[in-house]
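Engineer: Please find query30.cif (mmCIF, N, CA and C atoms) on the next line:
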```
data_start
loop_
_atom_site.group_PDB
_atom_site.id
_atom_site.type_symbol
_atom_site.label_atom_id
_atom_site.label_comp_id
_atom_site.auth_asym_id
_atom_site.auth_seq_id
_atom_site.Cartn_x
_atom_site.Cartn_y
_atom_site.Cartn_z
ATOM 1 N N MET A 1149 -25.261 30.503 -0.592
ATOM 2 C CA MET A 1149 -25.899 29.560 -1.476
ATOM 3 C C MET A 1149 -27.273 29.212 -0.898
ATOM 4 N N ASP A 1150 -28.298 29.204 -1.718
ATOM 5 C CA ASP A 1150 -29.625 28.859 -1.220
ATOM 6 C C ASP A 1150 -29.793 27.342 -1.174
ATOM 7 N N ARG A 1151 -30.909 26.891 -0.602
ATOM 8 C CA ARG A 1151 -31.153 25.460 -0.436
ATOM 9 C C ARG A 1151 -31.164 24.707 -1.757
ATOM 10 N N HIS A 1152 -31.698 25.322 -2.801
ATOM 11 C CA HIS A 1152 -31.766 24.659 -4.101
ATOM 12 C C HIS A 1152 -30.364 24.330 -4.608
ATOM 13 N N HIS A 1153 -29.449 25.260 -4.490
ATOM 14 C CA HIS A 1153 -28.083 25.013 -4.948
ATOM 15 C C HIS A 1153 -27.383 23.956 -4.101
ATOM 16 N N LEU A 1154 -27.656 23.960 -2.816
ATOM 17 C CA LEU A 1154 -27.049 22.932 -1.964
ATOM 18 C C LEU A 1154 -27.545 21.549 -2.351
ATOM 19 N N ALA A 1155 -28.810 21.437 -2.671
ATOM 20 C CA ALA A 1155 -29.373 20.142 -3.047
ATOM 21 C C ALA A 1155 -28.789 19.645 -4.360
ATOM 22 N N MET A 1156 -28.374 20.545 -5.222
ATOM 23 C CA MET A 1156 -27.845 20.171 -6.525
ATOM 24 C C MET A 1156 -26.328 19.924 -6.502
ATOM 25 N N ALA A 1157 -25.669 20.249 -5.409
ATOM 26 C CA ALA A 1157 -24.218 20.080 -5.333
ATOM 27 C C ALA A 1157 -23.871 18.599 -5.410
ATOM 28 N N PRO A 1158 -22.797 18.251 -6.117
ATOM 29 C CA PRO A 1158 -22.417 16.832 -6.200
ATOM 30 C C PRO A 1158 -21.986 16.312 -4.840
ATOM 31 N N VAL A 1159 -22.274 15.057 -4.609
ATOM 32 C CA VAL A 1159 -21.885 14.409 -3.361
ATOM 33 C C VAL A 1159 -20.752 13.440 -3.680
ATOM 34 N N TYR A 1160 -19.648 13.600 -2.985
ATOM 35 C CA TYR A 1160 -18.502 12.726 -3.181
ATOM 36 C C TYR A 1160 -18.333 11.851 -1.945
ATOM 37 N N HIS A 1161 -18.166 10.568 -2.169
ATOM 38 C CA HIS A 1161 -17.954 9.630 -1.075
ATOM 39 C C HIS A 1161 -16.482 9.227 -1.075
ATOM 40 N N ALA A 1162 -15.891 9.292 0.083
ATOM 41 C CA ALA A 1162 -14.486 8.908 0.206
ATOM 42 C C ALA A 1162 -14.350 7.399 0.046
ATOM 43 N N ARG A 1163 -13.398 6.985 -0.767
ATOM 44 C CA ARG A 1163 -13.074 5.561 -0.882
ATOM 45 C C ARG A 1163 -12.030 5.240 0.160
ATOM 46 N N VAL A 1164 -12.141 4.076 0.713
ATOM 47 C CA VAL A 1164 -11.184 3.667 1.731
ATOM 48 C C VAL A 1164 -10.099 2.810 1.089
ATOM 49 N N TYR A 1165 -8.897 3.231 1.255
ATOM 50 C CA TYR A 1165 -7.713 2.501 0.831
ATOM 51 C C TYR A 1165 -6.855 2.285 2.067
ATOM 52 N N TYR A 1166 -5.815 1.479 1.910
ATOM 53 C CA TYR A 1166 -4.842 1.301 2.975
ATOM 54 C C TYR A 1166 -3.454 1.545 2.410
ATOM 55 N N ALA A 1167 -2.650 2.267 3.173
ATOM 56 C CA ALA A 1167 -1.252 2.491 2.832
ATOM 57 C C ALA A 1167 -0.401 1.646 3.776
ATOM 58 N N LEU A 1168 0.516 0.911 3.199
ATOM 59 C CA LEU A 1168 1.475 0.126 3.967
ATOM 60 C C LEU A 1168 2.841 0.758 3.763
ATOM 61 N N PHE A 1169 3.469 1.138 4.860
ATOM 62 C CA PHE A 1169 4.804 1.730 4.819
ATOM 63 C C PHE A 1169 5.797 0.716 5.372
ATOM 64 N N TYR A 1170 6.882 0.506 4.645
ATOM 65 C CA TYR A 1170 7.980 -0.328 5.119
ATOM 66 C C TYR A 1170 9.185 0.560 5.404
ATOM 67 N N ASP A 1171 9.901 0.246 6.478
ATOM 68 C CA ASP A 1171 11.222 0.815 6.746
ATOM 69 C C ASP A 1171 12.223 -0.328 6.568
ATOM 70 N N TYR A 1172 13.194 -0.113 5.701
ATOM 71 C CA TYR A 1172 14.172 -1.157 5.385
ATOM 72 C C TYR A 1172 15.428 -1.055 6.241
ATOM 73 N N VAL A 1173 16.139 -2.165 6.316
ATOM 74 C CA VAL A 1173 17.454 -2.203 6.958
ATOM 75 C C VAL A 1173 18.431 -1.408 6.090
ATOM 76 N N PRO A 1174 19.504 -0.901 6.694
ATOM 77 C CA PRO A 1174 20.557 -0.304 5.867
ATOM 78 C C PRO A 1174 21.121 -1.356 4.905
ATOM 79 N N GLY A 1175 21.447 -0.940 3.708
ATOM 80 C CA GLY A 1175 22.023 -1.849 2.726
ATOM 81 C C GLY A 1175 21.012 -2.777 2.078
ATOM 82 N N ILE A 1176 19.760 -2.373 2.032
ATOM 83 C CA ILE A 1176 18.710 -3.226 1.468
ATOM 84 C C ILE A 1176 19.040 -3.678 0.049
ATOM 85 N N LEU A 1177 19.583 -2.794 -0.763
ATOM 86 C CA LEU A 1177 19.837 -3.144 -2.167
ATOM 87 C C LEU A 1177 20.833 -4.293 -2.286
ATOM 88 N N GLU A 1178 21.793 -4.347 -1.387
ATOM 89 C CA GLU A 1178 22.787 -5.423 -1.407
ATOM 90 C C GLU A 1178 22.269 -6.700 -0.743
ATOM 91 N N ARG A 1179 21.312 -6.584 0.150
ATOM 92 C CA ARG A 1179 20.866 -7.726 0.947
ATOM 93 C C ARG A 1179 19.610 -8.410 0.422
ATOM 94 N N ARG A 1180 18.865 -7.760 -0.458
ATOM 95 C CA ARG A 1180 17.557 -8.286 -0.854
ATOM 96 C C ARG A 1180 17.607 -9.400 -1.888
ATOM 97 N N GLY A 1181 18.718 -9.574 -2.579
ATOM 98 C CA GLY A 1181 18.840 -10.489 -3.714
ATOM 99 C C GLY A 1181 18.164 -11.840 -3.560
ATOM 100 N N PRO A 1182 18.492 -12.613 -2.528
ATOM 101 C CA PRO A 1182 17.914 -13.954 -2.419
ATOM 102 C C PRO A 1182 16.402 -13.952 -2.168
ATOM 103 N N PHE A 1183 15.881 -12.851 -1.665
ATOM 104 C CA PHE A 1183 14.474 -12.789 -1.266
ATOM 105 C C PHE A 1183 13.603 -12.007 -2.245
ATOM 106 N N ARG A 1184 14.231 -11.337 -3.195
ATOM 107 C CA ARG A 1184 13.495 -10.472 -4.125
ATOM 108 C C ARG A 1184 12.497 -11.230 -5.003
ATOM 109 N N PRO A 1185 12.850 -12.382 -5.585
ATOM 110 C CA PRO A 1185 11.857 -13.091 -6.412
ATOM 111 C C PRO A 1185 10.586 -13.435 -5.633
ATOM 112 N N GLY A 1186 10.715 -13.919 -4.417
ATOM 113 C CA GLY A 1186 9.549 -14.251 -3.606
ATOM 114 C C GLY A 1186 8.742 -13.021 -3.236
ATOM 115 N N HIS A 1187 9.441 -11.940 -2.926
ATOM 116 C CA HIS A 1187 8.768 -10.677 -2.603
ATOM 117 C C HIS A 1187 7.975 -10.183 -3.812
ATOM 118 N N LEU A 1188 8.591 -10.203 -4.979
ATOM 119 C CA LEU A 1188 7.912 -9.720 -6.187
ATOM 120 C C LEU A 1188 6.761 -10.644 -6.590
ATOM 121 N N ASP A 1189 6.893 -11.949 -6.361
ATOM 122 C CA ASP A 1189 5.772 -12.871 -6.620
ATOM 123 C C ASP A 1189 4.575 -12.522 -5.738
ATOM 124 N N LEU A 1190 4.842 -12.225 -4.484
ATOM 125 C CA LEU A 1190 3.775 -11.837 -3.554
ATOM 126 C C LEU A 1190 3.118 -10.539 -4.011
ATOM 127 N N VAL A 1191 3.918 -9.558 -4.387
ATOM 128 C CA VAL A 1191 3.400 -8.274 -4.870
ATOM 129 C C VAL A 1191 2.525 -8.496 -6.099
ATOM 130 N N ARG A 1192 3.008 -9.279 -7.045
ATOM 131 C CA ARG A 1192 2.242 -9.528 -8.282
ATOM 132 C C ARG A 1192 0.933 -10.253 -8.006
ATOM 133 N N ALA A 1193 0.950 -11.224 -7.103
ATOM 134 C CA ALA A 1193 -0.267 -11.978 -6.781
ATOM 135 C C ALA A 1193 -1.339 -11.062 -6.208
ATOM 136 N N HIS A 1194 -0.965 -10.176 -5.306
ATOM 137 C CA HIS A 1194 -1.931 -9.250 -4.719
ATOM 138 C C HIS A 1194 -2.402 -8.219 -5.747
ATOM 139 N N HIS A 1195 -1.519 -7.847 -6.648
ATOM 140 C CA HIS A 1195 -1.904 -6.903 -7.707
ATOM 141 C C HIS A 1195 -2.892 -7.563 -8.668
ATOM 142 N N GLU A 1196 -2.619 -8.798 -9.062
ATOM 143 C CA GLU A 1196 -3.508 -9.515 -9.983
ATOM 144 C C GLU A 1196 -4.889 -9.737 -9.388
ATOM 145 N N ARG A 1197 -4.975 -9.854 -8.070
ATOM 146 C CA ARG A 1197 -6.277 -10.010 -7.399
ATOM 147 C C ARG A 1197 -6.995 -8.673 -7.221
ATOM 148 N N GLY A 1198 -6.332 -7.579 -7.577
ATOM 149 C CA GLY A 1198 -6.940 -6.263 -7.459
ATOM 150 C C GLY A 1198 -6.850 -5.654 -6.076
ATOM 151 N N GLU A 1199 -6.096 -6.277 -5.196
ATOM 152 C CA GLU A 1199 -5.953 -5.766 -3.829
ATOM 153 C C GLU A 1199 -4.841 -4.723 -3.716
ATOM 154 N N LEU A 1200 -3.771 -4.922 -4.448
ATOM 155 C CA LEU A 1200 -2.621 -4.023 -4.402
ATOM 156 C C LEU A 1200 -2.635 -3.176 -5.661
ATOM 157 N N LEU A 1201 -2.764 -1.886 -5.496
ATOM 158 C CA LEU A 1201 -2.886 -0.993 -6.648
ATOM 159 C C LEU A 1201 -1.540 -0.474 -7.129
ATOM 160 N N MET A 1202 -0.676 -0.113 -6.205
ATOM 161 C CA MET A 1202 0.643 0.437 -6.534
ATOM 162 C C MET A 1202 1.621 0.048 -5.436
ATOM 163 N N ALA A 1203 2.874 -0.094 -5.818
ATOM 164 C CA ALA A 1203 3.896 -0.413 -4.828
ATOM 165 C C ALA A 1203 5.254 -0.017 -5.365
ATOM 166 N N GLY A 1204 6.140 0.362 -4.466
ATOM 167 C CA GLY A 1204 7.503 0.653 -4.877
ATOM 168 C C GLY A 1204 8.326 1.208 -3.735
ATOM 169 N N ALA A 1205 9.637 1.081 -3.903
ATOM 170 C CA ALA A 1205 10.584 1.600 -2.915
ATOM 171 C C ALA A 1205 10.776 3.092 -3.117
ATOM 172 N N TRP A 1206 11.179 3.757 -2.044
ATOM 173 C CA TRP A 1206 11.525 5.173 -2.141
ATOM 174 C C TRP A 1206 12.787 5.318 -2.981
ATOM 175 N N GLY A 1207 12.954 6.487 -3.579
ATOM 176 C CA GLY A 1207 14.195 6.806 -4.283
ATOM 177 C C GLY A 1207 15.294 7.053 -3.258
ATOM 178 N N GLU A 1208 16.378 7.573 -3.720
ATOM 179 C CA GLU A 1208 17.528 7.798 -2.836
ATOM 180 C C GLU A 1208 17.156 8.701 -1.677
ATOM 181 N N PRO A 1209 17.412 8.275 -0.467
ATOM 182 C CA PRO A 1209 17.957 6.967 -0.115
ATOM 183 C C PRO A 1209 16.868 5.893 -0.151
ATOM 184 N N VAL A 1210 17.246 4.702 -0.552
ATOM 185 C CA VAL A 1210 16.304 3.581 -0.595
ATOM 186 C C VAL A 1210 16.235 3.013 0.823
ATOM 187 N N ASP A 1211 15.350 3.598 1.611
ATOM 188 C CA ASP A 1211 15.251 3.210 3.016
ATOM 189 C C ASP A 1211 13.857 2.714 3.397
ATOM 190 N N GLY A 1212 12.997 2.536 2.401
ATOM 191 C CA GLY A 1212 11.653 2.062 2.684
ATOM 192 C C GLY A 1212 10.840 1.940 1.414
ATOM 193 N N ALA A 1213 9.564 1.607 1.592
ATOM 194 C CA ALA A 1213 8.678 1.424 0.445
ATOM 195 C C ALA A 1213 7.255 1.795 0.854
ATOM 196 N N LEU A 1214 6.432 2.007 -0.171
ATOM 197 C CA LEU A 1214 5.023 2.320 0.014
ATOM 198 C C LEU A 1214 4.198 1.386 -0.853
ATOM 199 N N PHE A 1215 3.128 0.847 -0.282
ATOM 200 C CA PHE A 1215 2.191 -0.028 -0.976
ATOM 201 C C PHE A 1215 0.794 0.554 -0.774
ATOM 202 N N ILE A 1216 0.028 0.658 -1.832
ATOM 203 C CA ILE A 1216 -1.349 1.138 -1.732
ATOM 204 C C ILE A 1216 -2.285 -0.028 -2.037
ATOM 205 N N PHE A 1217 -3.097 -0.377 -1.052
ATOM 206 C CA PHE A 1217 -4.047 -1.477 -1.156
ATOM 207 C C PHE A 1217 -5.477 -0.943 -1.202
ATOM 208 N N LYS A 1218 -6.353 -1.703 -1.821
ATOM 209 C CA LYS A 1218 -7.785 -1.505 -1.708
ATOM 210 C C LYS A 1218 -8.337 -2.820 -1.187
ATOM 211 N N ALA A 1219 -8.825 -2.801 0.049
ATOM 212 C CA ALA A 1219 -9.261 -4.032 0.687
ATOM 213 C C ALA A 1219 -10.417 -3.738 1.633
ATOM 214 N N ASP A 1220 -11.102 -4.791 2.040
ATOM 215 C CA ASP A 1220 -12.231 -4.636 2.953
ATOM 216 C C ASP A 1220 -11.787 -4.271 4.361
ATOM 217 N N GLY A 1221 -10.582 -4.602 4.697
ATOM 218 C CA GLY A 1221 -10.071 -4.298 6.026
ATOM 219 C C GLY A 1221 -8.581 -4.524 6.083
ATOM 220 N N PRO A 1222 -7.962 -4.196 7.198
ATOM 221 C CA PRO A 1222 -6.504 -4.306 7.314
ATOM 222 C C PRO A 1222 -5.989 -5.742 7.337
ATOM 223 N N GLU A 1223 -6.874 -6.715 7.491
ATOM 224 C CA GLU A 1223 -6.435 -8.112 7.568
ATOM 225 C C GLU A 1223 -5.685 -8.544 6.306
ATOM 226 N N THR A 1224 -6.138 -8.057 5.155
ATOM 227 C CA THR A 1224 -5.465 -8.395 3.892
ATOM 228 C C THR A 1224 -4.025 -7.898 3.909
ATOM 229 N N ILE A 1225 -3.839 -6.697 4.404
ATOM 230 C CA ILE A 1225 -2.498 -6.097 4.435
ATOM 231 C C ILE A 1225 -1.646 -6.799 5.486
ATOM 232 N N GLU A 1226 -2.228 -7.117 6.619
ATOM 233 C CA GLU A 1226 -1.495 -7.842 7.663
ATOM 234 C C GLU A 1226 -1.030 -9.203 7.158
ATOM 235 N N ALA A 1227 -1.883 -9.890 6.399
ATOM 236 C CA ALA A 1227 -1.500 -11.187 5.829
ATOM 237 C C ALA A 1227 -0.367 -11.013 4.812
ATOM 238 N N PHE A 1228 -0.406 -9.943 4.019
ATOM 239 C CA PHE A 1228 0.669 -9.643 3.077
ATOM 240 C C PHE A 1228 1.987 -9.498 3.832
ATOM 241 N N VAL A 1229 1.974 -8.688 4.879
ATOM 242 C CA VAL A 1229 3.191 -8.435 5.664
ATOM 243 C C VAL A 1229 3.729 -9.738 6.247
ATOM 244 N N GLU A 1230 2.853 -10.529 6.839
ATOM 245 C CA GLU A 1230 3.277 -11.772 7.489
ATOM 246 C C GLU A 1230 3.884 -12.777 6.517
ATOM 247 N N SER A 1231 3.471 -12.713 5.250
ATOM 248 C CA SER A 1231 3.986 -13.685 4.280
ATOM 249 C C SER A 1231 5.110 -13.139 3.406
ATOM 250 N N ASP A 1232 5.466 -11.880 3.577
ATOM 251 C CA ASP A 1232 6.496 -11.256 2.738
ATOM 252 C C ASP A 1232 7.888 -11.765 3.116
ATOM 253 N N PRO A 1233 8.625 -12.316 2.155
ATOM 254 C CA PRO A 1233 9.985 -12.770 2.442
ATOM 255 C C PRO A 1233 10.903 -11.673 2.991
ATOM 256 N N TYR A 1234 10.677 -10.429 2.601
ATOM 257 C CA TYR A 1234 11.486 -9.333 3.154
ATOM 258 C C TYR A 1234 11.270 -9.210 4.660
ATOM 259 N N VAL A 1235 10.047 -9.355 5.098
ATOM 260 C CA VAL A 1235 9.735 -9.273 6.529
ATOM 261 C C VAL A 1235 10.263 -10.514 7.249
ATOM 262 N N LYS A 1236 9.975 -11.678 6.691
ATOM 263 C CA LYS A 1236 10.391 -12.937 7.311
ATOM 264 C C LYS A 1236 11.896 -13.030 7.498
ATOM 265 N N ASN A 1237 12.652 -12.368 6.630
ATOM 266 C CA ASN A 1237 14.116 -12.469 6.666
ATOM 267 C C ASN A 1237 14.792 -11.219 7.203
ATOM 268 N N GLY A 1238 14.038 -10.394 7.914
ATOM 269 C CA GLY A 1238 14.619 -9.273 8.647
ATOM 270 C C GLY A 1238 15.024 -8.063 7.831
ATOM 271 N N LEU A 1239 14.556 -7.949 6.596
ATOM 272 C CA LEU A 1239 14.912 -6.786 5.782
ATOM 273 C C LEU A 1239 14.013 -5.577 6.059
ATOM 274 N N VAL A 1240 12.870 -5.821 6.680
ATOM 275 C CA VAL A 1240 11.946 -4.755 7.064
ATOM 276 C C VAL A 1240 12.047 -4.605 8.580
ATOM 277 N N VAL A 1241 12.510 -3.434 9.024
ATOM 278 C CA VAL A 1241 12.696 -3.225 10.467
ATOM 279 C C VAL A 1241 11.433 -2.693 11.133
ATOM 280 N N ALA A 1242 10.543 -2.098 10.354
ATOM 281 C CA ALA A 1242 9.281 -1.597 10.894
ATOM 282 C C ALA A 1242 8.291 -1.447 9.750
ATOM 283 N N HIS A 1243 7.021 -1.566 10.086
ATOM 284 C CA HIS A 1243 5.985 -1.303 9.087
ATOM 285 C C HIS A 1243 4.794 -0.639 9.774
ATOM 286 N N ARG A 1244 4.035 0.090 8.988
ATOM 287 C CA ARG A 1244 2.830 0.752 9.476
ATOM 288 C C ARG A 1244 1.736 0.573 8.445
ATOM 289 N N ILE A 1245 0.537 0.310 8.911
ATOM 290 C CA ILE A 1245 -0.637 0.219 8.052
ATOM 291 C C ILE A 1245 -1.557 1.363 8.451
ATOM 292 N N ARG A 1246 -1.919 2.179 7.467
ATOM 293 C CA ARG A 1246 -2.794 3.317 7.733
ATOM 294 C C ARG A 1246 -3.962 3.298 6.773
ATOM 295 N N GLN A 1247 -5.163 3.516 7.304
ATOM 296 C CA GLN A 1247 -6.328 3.703 6.444
ATOM 297 C C GLN A 1247 -6.174 5.058 5.769
ATOM 298 N N TRP A 1248 -6.517 5.106 4.477
ATOM 299 C CA TRP A 1248 -6.363 6.332 3.691
ATOM 300 C C TRP A 1248 -7.698 6.621 3.024
ATOM 301 N N ASN A 1249 -8.320 7.731 3.378
ATOM 302 C CA ASN A 1249 -9.608 8.123 2.833
ATOM 303 C C ASN A 1249 -9.394 9.002 1.618
ATOM 304 N N VAL A 1250 -9.571 8.445 0.438
ATOM 305 C CA VAL A 1250 -9.339 9.152 -0.818
ATOM 306 C C VAL A 1250 -10.594 9.938 -1.160
ATOM 307 N N VAL A 1251 -10.441 11.238 -1.394
ATOM 308 C CA VAL A 1251 -11.586 12.066 -1.757
ATOM 309 C C VAL A 1251 -11.541 12.523 -3.199
ATOM 310 N N THR A 1252 -10.429 12.372 -3.855
ATOM 311 C CA THR A 1252 -10.344 12.666 -5.287
ATOM 312 C C THR A 1252 -9.314 11.743 -5.927
ATOM 313 N N GLY A 1253 -9.550 11.423 -7.183
ATOM 314 C CA GLY A 1253 -8.665 10.484 -7.868
ATOM 315 C C GLY A 1253 -9.086 9.062 -7.628
ATOM 316 N N GLY A 1254 -8.323 8.152 -8.102
ATOM 317 C CA GLY A 1254 -8.628 6.752 -7.915
ATOM 318 C C GLY A 1254 -9.694 6.213 -8.854
ATOM 319 N N GLY A 1255 -10.195 7.045 -9.768
ATOM 320 C CA GLY A 1255 -11.125 6.567 -10.769
ATOM 321 C C GLY A 1255 -12.570 6.454 -10.331
ATOM 322 N N GLU A 1256 -12.853 6.712 -9.069
ATOM 323 C CA GLU A 1256 -14.233 6.637 -8.584
ATOM 324 C C GLU A 1256 -14.530 7.838 -7.719
ATOM 325 N N GLN A 1257 -15.805 8.127 -7.584
ATOM 326 C CA GLN A 1257 -16.227 9.200 -6.683
ATOM 327 C C GLN A 1257 -17.245 8.677 -5.732
#
```
Output the file's structure as structure tokens, nothing else.

Structural biologist:
Amino acid sequence: MDRHHLAMAPVYHARVYYALFYDYVPGILERRGPFRPGHLDLVRAHHERGELLMAGAWGEPVDGALFIFKADGPETIEAFVESDPYVKNGLVVAHRIRQWNVVTGGGEQ
């Protein structure tokens, strides 16, 4: 490719997202009942603010969940984790926050 073609090539900028992974205790479906309304209220609040884009538990086996955030930094996700009734009540045995550099999809380039 010559210089002219390189100059005309589209430039894509990676958007920064964060993925939050939860690992659940065994028997989560039976144990989550009392804490589910508070957990879902937290999820909805972050979604309504535009911070949480998608969230849901894994299919069979239901042993964890994935949350996709768009935030300025991991502090938003850390605050979510700290206030989640599932975490506070021992239903989440481990969590991981990972920066995710999206290069396609997500509605923006």

Engineer: Given the file above and the PyMOL selection byres (((chain A and resi 1176-1185 and name CA) around 9) and name CA), which residues are selected, and can you give them as a VMD selection string?

Structural biologist: chain A and resid 1172 to 1175 1186 to 1190 1210 to 1212 1233 to 1234 1237 1239 to 1240

Engineer: Between A:Trp1248, A:Glu1230, A:Ala1242, A:Tyr1166, which has the minimum distance to Phe1215 (chain A) (counting only C-alpha atoms)?

Structural biologist: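 Under the stated criterion, the closest residue is A:Tyr1166.
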
Engineer: So which residues of region 1149-1242 of chain A fall under helix (DSSP H, G or I) by DSSP, listed as a compact mmCIF listing (two decimals) with N, CA and C atoms, in the coordinates of the input?

Structural biologist:
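Done, and the output landed in out-v2.txt:
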```txt
# COMPACT_ATOMS: atom_id res chain seq x y z
N ARG A 1151 -30.91 26.89 -0.60
CA ARG A 1151 -31.15 25.46 -0.44
C ARG A 1151 -31.16 24.71 -1.76
N HIS A 1152 -31.70 25.32 -2.80
CA HIS A 1152 -31.77 24.66 -4.10
C HIS A 1152 -30.36 24.33 -4.61
N HIS A 1153 -29.45 25.26 -4.49
CA HIS A 1153 -28.08 25.01 -4.95
C HIS A 1153 -27.38 23.96 -4.10
N LEU A 1154 -27.66 23.96 -2.82
CA LEU A 1154 -27.05 22.93 -1.96
C LEU A 1154 -27.54 21.55 -2.35
N ALA A 1155 -28.81 21.44 -2.67
CA ALA A 1155 -29.37 20.14 -3.05
C ALA A 1155 -28.79 19.64 -4.36
N MET A 1156 -28.37 20.54 -5.22
CA MET A 1156 -27.84 20.17 -6.52
C MET A 1156 -26.33 19.92 -6.50
N ILE A 1176 19.76 -2.37 2.03
CA ILE A 1176 18.71 -3.23 1.47
C ILE A 1176 19.04 -3.68 0.05
N LEU A 1177 19.58 -2.79 -0.76
CA LEU A 1177 19.84 -3.14 -2.17
C LEU A 1177 20.83 -4.29 -2.29
N GLU A 1178 21.79 -4.35 -1.39
CA GLU A 1178 22.79 -5.42 -1.41
C GLU A 1178 22.27 -6.70 -0.74
N ARG A 1179 21.31 -6.58 0.15
CA ARG A 1179 20.87 -7.73 0.95
C ARG A 1179 19.61 -8.41 0.42
N GLY A 1181 18.72 -9.57 -2.58
CA GLY A 1181 18.84 -10.49 -3.71
C GLY A 1181 18.16 -11.84 -3.56
N PRO A 1182 18.49 -12.61 -2.53
CA PRO A 1182 17.91 -13.95 -2.42
C PRO A 1182 16.40 -13.95 -2.17
N PHE A 1183 15.88 -12.85 -1.66
CA PHE A 1183 14.47 -12.79 -1.27
C PHE A 1183 13.60 -12.01 -2.24
N ARG A 1184 14.23 -11.34 -3.20
CA ARG A 1184 13.50 -10.47 -4.12
C ARG A 1184 12.50 -11.23 -5.00
N PRO A 1185 12.85 -12.38 -5.58
CA PRO A 1185 11.86 -13.09 -6.41
C PRO A 1185 10.59 -13.44 -5.63
N GLY A 1186 10.72 -13.92 -4.42
CA GLY A 1186 9.55 -14.25 -3.61
C GLY A 1186 8.74 -13.02 -3.24
N HIS A 1187 9.44 -11.94 -2.93
CA HIS A 1187 8.77 -10.68 -2.60
C HIS A 1187 7.98 -10.18 -3.81
N LEU A 1188 8.59 -10.20 -4.98
CA LEU A 1188 7.91 -9.72 -6.19
C LEU A 1188 6.76 -10.64 -6.59
N ASP A 1189 6.89 -11.95 -6.36
CA ASP A 1189 5.77 -12.87 -6.62
C ASP A 1189 4.58 -12.52 -5.74
N LEU A 1190 4.84 -12.22 -4.48
CA LEU A 1190 3.78 -11.84 -3.55
C LEU A 1190 3.12 -10.54 -4.01
N VAL A 1191 3.92 -9.56 -4.39
CA VAL A 1191 3.40 -8.27 -4.87
C VAL A 1191 2.52 -8.50 -6.10
N ARG A 1192 3.01 -9.28 -7.04
CA ARG A 1192 2.24 -9.53 -8.28
C ARG A 1192 0.93 -10.25 -8.01
N ALA A 1193 0.95 -11.22 -7.10
CA ALA A 1193 -0.27 -11.98 -6.78
C ALA A 1193 -1.34 -11.06 -6.21
N HIS A 1194 -0.96 -10.18 -5.31
CA HIS A 1194 -1.93 -9.25 -4.72
C HIS A 1194 -2.40 -8.22 -5.75
N HIS A 1195 -1.52 -7.85 -6.65
CA HIS A 1195 -1.90 -6.90 -7.71
C HIS A 1195 -2.89 -7.56 -8.67
N GLU A 1196 -2.62 -8.80 -9.06
CA GLU A 1196 -3.51 -9.52 -9.98
C GLU A 1196 -4.89 -9.74 -9.39
N GLU A 1223 -6.87 -6.72 7.49
CA GLU A 1223 -6.44 -8.11 7.57
C GLU A 1223 -5.68 -8.54 6.31
N THR A 1224 -6.14 -8.06 5.16
CA THR A 1224 -5.46 -8.40 3.89
C THR A 1224 -4.03 -7.90 3.91
N ILE A 1225 -3.84 -6.70 4.40
CA ILE A 1225 -2.50 -6.10 4.43
C ILE A 1225 -1.65 -6.80 5.49
N GLU A 1226 -2.23 -7.12 6.62
CA GLU A 1226 -1.50 -7.84 7.66
C GLU A 1226 -1.03 -9.20 7.16
N ALA A 1227 -1.88 -9.89 6.40
CA ALA A 1227 -1.50 -11.19 5.83
C ALA A 1227 -0.37 -11.01 4.81
N PHE A 1228 -0.41 -9.94 4.02
CA PHE A 1228 0.67 -9.64 3.08
C PHE A 1228 1.99 -9.50 3.83
N VAL A 1229 1.97 -8.69 4.88
CA VAL A 1229 3.19 -8.44 5.66
C VAL A 1229 3.73 -9.74 6.25
N GLU A 1230 2.85 -10.53 6.84
CA GLU A 1230 3.28 -11.77 7.49
C GLU A 1230 3.88 -12.78 6.52
N SER A 1231 3.47 -12.71 5.25
CA SER A 1231 3.99 -13.68 4.28
C SER A 1231 5.11 -13.14 3.41
N PRO A 1233 8.62 -12.32 2.15
CA PRO A 1233 9.98 -12.77 2.44
C PRO A 1233 10.90 -11.67 2.99
N TYR A 1234 10.68 -10.43 2.60
CA TYR A 1234 11.49 -9.33 3.15
C TYR A 1234 11.27 -9.21 4.66
N VAL A 1235 10.05 -9.36 5.10
CA VAL A 1235 9.74 -9.27 6.53
C VAL A 1235 10.26 -10.51 7.25
N LYS A 1236 9.98 -11.68 6.69
CA LYS A 1236 10.39 -12.94 7.31
C LYS A 1236 11.90 -13.03 7.50
```

Engineer: Neighbouring residues of Ile1216 (chain A) were defined as those with any atom within 8 Å, considering all atoms listed in the file; residues of the same chain fewer than 2 positions away were excluded. Please report them as an MDAnalysis selection string.

Structural biologist: chainID A and resid 1165:1169 1199:1204 1213:1214 1218:1219

Engineer: I'd like the interatomic distance between CA of Gly1198 (chain A) and CA of Gly1221 (chain A), to a tenth of an Å.

Structural biologist: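 Calculated distance between CA of Gly1198 (chain A) and CA of Gly1221 (chain A) is 14.0 Å.
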